[in-house]
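Report on the structure given below.
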Amino acid sequence: MSDNAPSLSGLADIVPRIEAPDRAMAEAATERWDSLTKPTGALGRLEALGTWWASVRGQCPPPPPQRPTLIIIAADHGVARTARTSAYPPEVTAQMVRTFLSERAAANALARSVGARVRVVDLGVDADPSYADDLAPDVTRYRVRRGSGSIDREDAMTLGEAQQSFDAGVAVADDEIDAGADLVIVGDMGIGNTTSAAAIVGLLGPADAVSVVGRGTGIDDETWMRKCAAVRNAMRRGKDLKGSPLELTAAIGGPDIAAMVGVLLRCAQRRTPVILDGTVPTAAALIAHRAAFRARDWWQAGHRSTEPAHTTALGRLDLIPLLELDMRLGEGTGALLAVPLVAASAAALGEMLTFEEAGVATGPSDAA
């Protein structure tokens with residue numbers, strides 16, 4: 001860990017320093033939309049998005065995103081191995097980390113298409129650390145452990161490891177914001193991570209296990225039933241921890257989810273907007289929202305995953321997804337596709353002429 005990384009007490013330091021986005025710029029954006037050469041509200045939700053973007057950038061009209069950055073946080077969850085809740089073995093995660101770093105995964109292709117930088121961080125990949133011996137040191141610099149405990153019967157990690165993971169997320173957010181990131185996308189990679197995410201959403205949604213468990217990586221009926229049982233048991237283990245964000249994450253989350261909480265809260269505190277991806281980052285957002293309700297104002301939901309837990313979490317956060325493309329890959333892929341919408345909202349708000357500038361009448365004709 002960096003000497004400058006905050007301790008667990010940093011959570012108490014960060015939360016009170018999270019402020020609301022700039023309300024004056026939101027009001028200015030609303031007024032400008034109404035003055036532009038179009039019927040009032042004719043651009044629909046693009047106008048609301050542009051207003052949000054003006055408020056989080058503190059400028060009207062705001063520039064489009066200049067350095068969108070995808071942070072993929074990788075970790076494996078022991079419940080997938082012991083309860084057999086996934087269609088894939090944990091070895092896949094290390095292979096995918098290397099694929100991300102070779103810039104040949106779906107996330108890399110979509111990131112290139114929208115001009116986003118990609119950062120990959122291993123918090124708990126279930127592989128010997130030697131798999132990354134020939135990779136850049138920042139990949140495993142914040143690694144906390146090899147995989148997590150099986151949350152249906154034991155804690156995912158210790159409270160100290162949850163603290164370390166949260167601190168890592170804060171440090172990574174600082175790295176990227178200091179490097180110029182003006183829009184952050186949080187992505188995930190890990191076998192079993194939707195099982196942990198479903199348990200968190202079930203508790204904080206709230207919802208029962210059956211209603212939040214989806215097919216994940218394409219599991220069959222028997223695996224789905226095992227996954228439901230594992231989520232139900234994990235929810236029972238975590239039910240008394242709903243008011244303690246990091247303790248809940250230590251019990252039924254994982255180092256990746258704790259790190260995502262750190263990223264989300266640090267970005268909000270540093271006035272940096274975030275586009276949430278699918279089920280796992282949104283489960284982390286539920287925990288972050290539990291710690292700091294004002295942080296939600298800095299987030300947009302990029303898309304709606306086909307996982308039922310994602311819809312439950314979005315409803316609890318009162319976030320309406322920008323896209324619905326029936327995606328369930330993770331990696332930040334759905335959120336990346338929303339970046340052009342942010343850019344389009346900024347372009348429309350900043351480049352359109354007003355009625356006055358265009359010399360266009362602002363009301364209906366009185367002619368018979």
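Order determines the names: the first chain of the structure tokens is A, the second B, and so forth; residues in each chain are numbered 1 upward, and ligands are numbered 1 upward as they are shown.
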
### Task
May I have all residues of segment 44-154 of chain A that DSSP, computed from the backbone, assigns to helix (DSSP H, G or I), given as a ChimeraX atom specification?
/A:45-57,78-82,91-101,106-114,129-132,137-139

#### Entry: For Ala106 of chain A: contacts at 10 Å, only C-alpha atoms, fewer than 5 positions along chain excluded, given as an MDAnalysis selection string
chainID A and resid 99:100 111:112 329:333

Would you write out those residues with C-alpha atoms, as a tab-separated table (two decimals), in the first residue's frame?
```
chain	number	residue	atom	x	y	z
A	99	THR	CA	-6.17	-10.59	-22.07
A	100	PHE	CA	-7.12	-7.12	-20.80
A	111	ALA	CA	-12.88	1.43	-24.65
A	112	ARG	CA	-10.92	2.22	-27.81
A	329	LEU	CA	-20.57	-9.50	-19.67
A	330	GLY	CA	-19.34	-7.10	-17.01
A	331	GLU	CA	-15.83	-5.67	-17.48
A	332	GLY	CA	-17.39	-2.19	-17.74
A	333	THR	CA	-18.65	-2.93	-21.27
```

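Distance check against Met189 of chain A using only C-alpha atoms: of A:Arg17, A:Arg98, A:Lys38, A:Arg45, the minimum falls on A:Arg98.
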
Can you build me a table of segment 16-85 of chain A residues sitting at most 10 Å from segment 258-261 of chain A, with the closest atom pair per residue and its distance in Å to one decimal, using only C-alpha atoms, sorted by chain and residue number, as a Markdown table?
```
| residue | atom | partner | partner_atom | distance |
| --- | --- | --- | --- | --- |
| A:Ile71 | CA | A:Met260 | CA | 9.3 |
| A:Ile72 | CA | A:Met260 | CA | 9.5 |
| A:Ile73 | CA | A:Met260 | CA | 7.5 |
| A:Ala74 | CA | A:Ala259 | CA | 9.9 |
```

### Task
Apply DSSP to the backbone of this structure and, from segment 135-235 of chain A, keep only the residues in strand (DSSP E or B); write these as a PyMOL selection string.
chain A and resi 183-189

List the neighbours of Thr272 of chain A out to 12 Å using only C-alpha atoms; skip same-chain residues closer than 4 positions along the sequence, and give me the result as a PDB file with C-alpha atoms, in the first residue's frame.
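Just written: result.pdb:
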```pdb
ATOM      1  CA  ILE A  18     -18.733  14.507  -0.156  1.00  0.00           C
ATOM      2  CA  GLU A  19     -20.698  17.480  -1.432  1.00  0.00           C
ATOM      3  CA  ALA A  20     -23.558  17.725  -3.888  1.00  0.00           C
ATOM      4  CA  PRO A  21     -22.823  18.578  -7.528  1.00  0.00           C
ATOM      5  CA  TRP A  53     -22.988  16.574 -16.650  1.00  0.00           C
ATOM      6  CA  SER A  55     -23.568  19.981 -12.495  1.00  0.00           C
ATOM      7  CA  VAL A  56     -20.803  17.424 -11.931  1.00  0.00           C
ATOM      8  CA  ARG A  57     -18.326  19.340 -14.088  1.00  0.00           C
ATOM      9  CA  GLY A  58     -19.267  22.648 -12.471  1.00  0.00           C
ATOM     10  CA  PRO A  65     -15.361  14.026 -21.421  1.00  0.00           C
ATOM     11  CA  ARG A  67     -10.199  11.424 -20.416  1.00  0.00           C
ATOM     12  CA  PRO A  68     -12.767   8.740 -19.629  1.00  0.00           C
ATOM     13  CA  THR A  69     -11.093   5.960 -17.671  1.00  0.00           C
ATOM     14  CA  ALA A 173      -9.100   6.477  -7.767  1.00  0.00           C
ATOM     15  CA  ASP A 174      -6.527   9.047  -6.680  1.00  0.00           C
ATOM     16  CA  GLU A 176      -6.490   8.072 -12.104  1.00  0.00           C
ATOM     17  CA  ILE A 177      -7.981  11.421 -11.086  1.00  0.00           C
ATOM     18  CA  ASP A 178      -4.498  12.846 -10.577  1.00  0.00           C
ATOM     19  CA  GLY A 180      -6.578  13.572 -15.500  1.00  0.00           C
ATOM     20  CA  ALA A 181      -9.569  11.224 -15.457  1.00  0.00           C
ATOM     21  CA  ASP A 182     -12.732  13.324 -15.732  1.00  0.00           C
ATOM     22  CA  LEU A 183     -15.162  10.403 -16.056  1.00  0.00           C
ATOM     23  CA  VAL A 184     -14.613   7.038 -14.353  1.00  0.00           C
ATOM     24  CA  ILE A 185     -16.178   3.719 -15.344  1.00  0.00           C
ATOM     25  CA  VAL A 263     -13.326   4.100  -5.803  1.00  0.00           C
ATOM     26  CA  LEU A 264     -16.937   5.283  -5.744  1.00  0.00           C
ATOM     27  CA  LEU A 265     -16.647   7.259  -2.530  1.00  0.00           C
ATOM     28  CA  ARG A 266     -13.291   8.807  -3.421  1.00  0.00           C
ATOM     29  CA  CYS A 267     -14.570   9.862  -6.837  1.00  0.00           C
ATOM     30  CA  ALA A 268     -17.599  11.511  -5.232  1.00  0.00           C
ATOM     31  CA  ALA A 295     -22.434  10.031  -3.384  1.00  0.00           C
ATOM     32  CA  ARG A 296     -25.252   8.793  -5.634  1.00  0.00           C
ATOM     33  CA  ASP A 297     -25.575  12.238  -7.223  1.00  0.00           C
ATOM     34  CA  TRP A 298     -22.168  11.690  -8.838  1.00  0.00           C
ATOM     35  CA  TRP A 299     -23.207   8.472 -10.585  1.00  0.00           C
ATOM     36  CA  GLN A 300     -25.088   7.458 -13.694  1.00  0.00           C
TER      37      GLN A 300
END
```

### Summary
Here atom CA of Ile151 of chain A and atom CA of Pro137 of chain A stand apart by 29.6 Å

### Task
Calculate how many Å separate atom CA of Ala207 of chain A from atom CA of Thr311 of chain A, rounding to one decimal.
11.2 Å

### Query
Near segment 82-93 of chain A, within 10 Å and counting only C-alpha atoms, which residues show up once chain neighbours fewer than 5 positions away are dropped, as a PyMOL selection string?
chain A and resi 74-77+98-99+122+124-127+147+149-153+189-195+215-220+222-231

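With atom CA of Gly254 of chain A on one side and atom CA of Ala284 of chain A on the other, the separation reads 10.1 Å.
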
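In this comparison, which uses only C-alpha atoms, the residue of A:Ala28, A:Val15, A:Leu337, A:Ile200 approaching Ile287 of chain A most closely is A:Ile200.
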
### Task
Determine, counting only C-alpha atoms, which protein, DNA and RNA residues have an atom within 8 Å of an atom of His310 of chain A; residues of the same chain fewer than 2 positions away are not included. Present the result as a VMD selection string.
chain A and resid 212 278 to 279 282 to 283 304 to 308 312 to 314

Could the residues in this selection be written to a file with N, CA and C atoms, as a PDB file, in the first residue's frame?
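result.pdb, freshly written:
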```pdb
ATOM      1  N   VAL A 212     -33.156 -12.386  -6.879  1.00  0.00           N
ATOM      2  CA  VAL A 212     -31.956 -11.641  -7.286  1.00  0.00           C
ATOM      3  C   VAL A 212     -30.912 -12.524  -7.970  1.00  0.00           C
ATOM      4  N   GLY A 278     -22.480  -3.046 -14.486  1.00  0.00           N
ATOM      5  CA  GLY A 278     -23.514  -4.019 -14.180  1.00  0.00           C
ATOM      6  C   GLY A 278     -23.689  -4.358 -12.721  1.00  0.00           C
ATOM      7  N   THR A 279     -23.996  -5.625 -12.461  1.00  0.00           N
ATOM      8  CA  THR A 279     -24.440  -6.064 -11.143  1.00  0.00           C
ATOM      9  C   THR A 279     -23.403  -5.845 -10.058  1.00  0.00           C
ATOM     10  N   THR A 282     -22.667  -2.141  -9.226  1.00  0.00           N
ATOM     11  CA  THR A 282     -23.878  -1.532  -8.657  1.00  0.00           C
ATOM     12  C   THR A 282     -24.150  -2.059  -7.261  1.00  0.00           C
ATOM     13  N   ALA A 283     -23.796  -3.316  -6.978  1.00  0.00           N
ATOM     14  CA  ALA A 283     -23.871  -3.813  -5.602  1.00  0.00           C
ATOM     15  C   ALA A 283     -22.917  -3.027  -4.715  1.00  0.00           C
ATOM     16  N   ARG A 304     -28.673  -1.469 -18.192  1.00  0.00           N
ATOM     17  CA  ARG A 304     -29.339  -2.454 -17.338  1.00  0.00           C
ATOM     18  C   ARG A 304     -28.907  -3.850 -17.785  1.00  0.00           C
ATOM     19  N   SER A 305     -28.258  -4.566 -16.895  1.00  0.00           N
ATOM     20  CA  SER A 305     -27.864  -5.948 -17.168  1.00  0.00           C
ATOM     21  C   SER A 305     -29.089  -6.852 -17.173  1.00  0.00           C
ATOM     22  N   THR A 306     -28.937  -8.034 -17.747  1.00  0.00           N
ATOM     23  CA  THR A 306     -30.022  -9.015 -17.693  1.00  0.00           C
ATOM     24  C   THR A 306     -30.110  -9.690 -16.326  1.00  0.00           C
ATOM     25  N   GLU A 307     -29.115  -9.473 -15.449  1.00  0.00           N
ATOM     26  CA  GLU A 307     -29.147 -10.063 -14.110  1.00  0.00           C
ATOM     27  C   GLU A 307     -30.234  -9.390 -13.270  1.00  0.00           C
ATOM     28  N   PRO A 308     -31.145 -10.142 -12.652  1.00  0.00           N
ATOM     29  CA  PRO A 308     -32.230  -9.520 -11.877  1.00  0.00           C
ATOM     30  C   PRO A 308     -31.736  -8.682 -10.710  1.00  0.00           C
ATOM     31  N   THR A 312     -32.904  -4.723  -9.318  1.00  0.00           N
ATOM     32  CA  THR A 312     -33.238  -4.447  -7.918  1.00  0.00           C
ATOM     33  C   THR A 312     -32.344  -3.350  -7.353  1.00  0.00           C
ATOM     34  N   ALA A 313     -31.038  -3.436  -7.618  1.00  0.00           N
ATOM     35  CA  ALA A 313     -30.102  -2.442  -7.103  1.00  0.00           C
ATOM     36  C   ALA A 313     -30.346  -1.070  -7.708  1.00  0.00           C
ATOM     37  N   LEU A 314     -30.610  -1.016  -9.018  1.00  0.00           N
ATOM     38  CA  LEU A 314     -30.889   0.270  -9.659  1.00  0.00           C
ATOM     39  C   LEU A 314     -32.140   0.908  -9.064  1.00  0.00           C
TER      40      LEU A 314
END
```
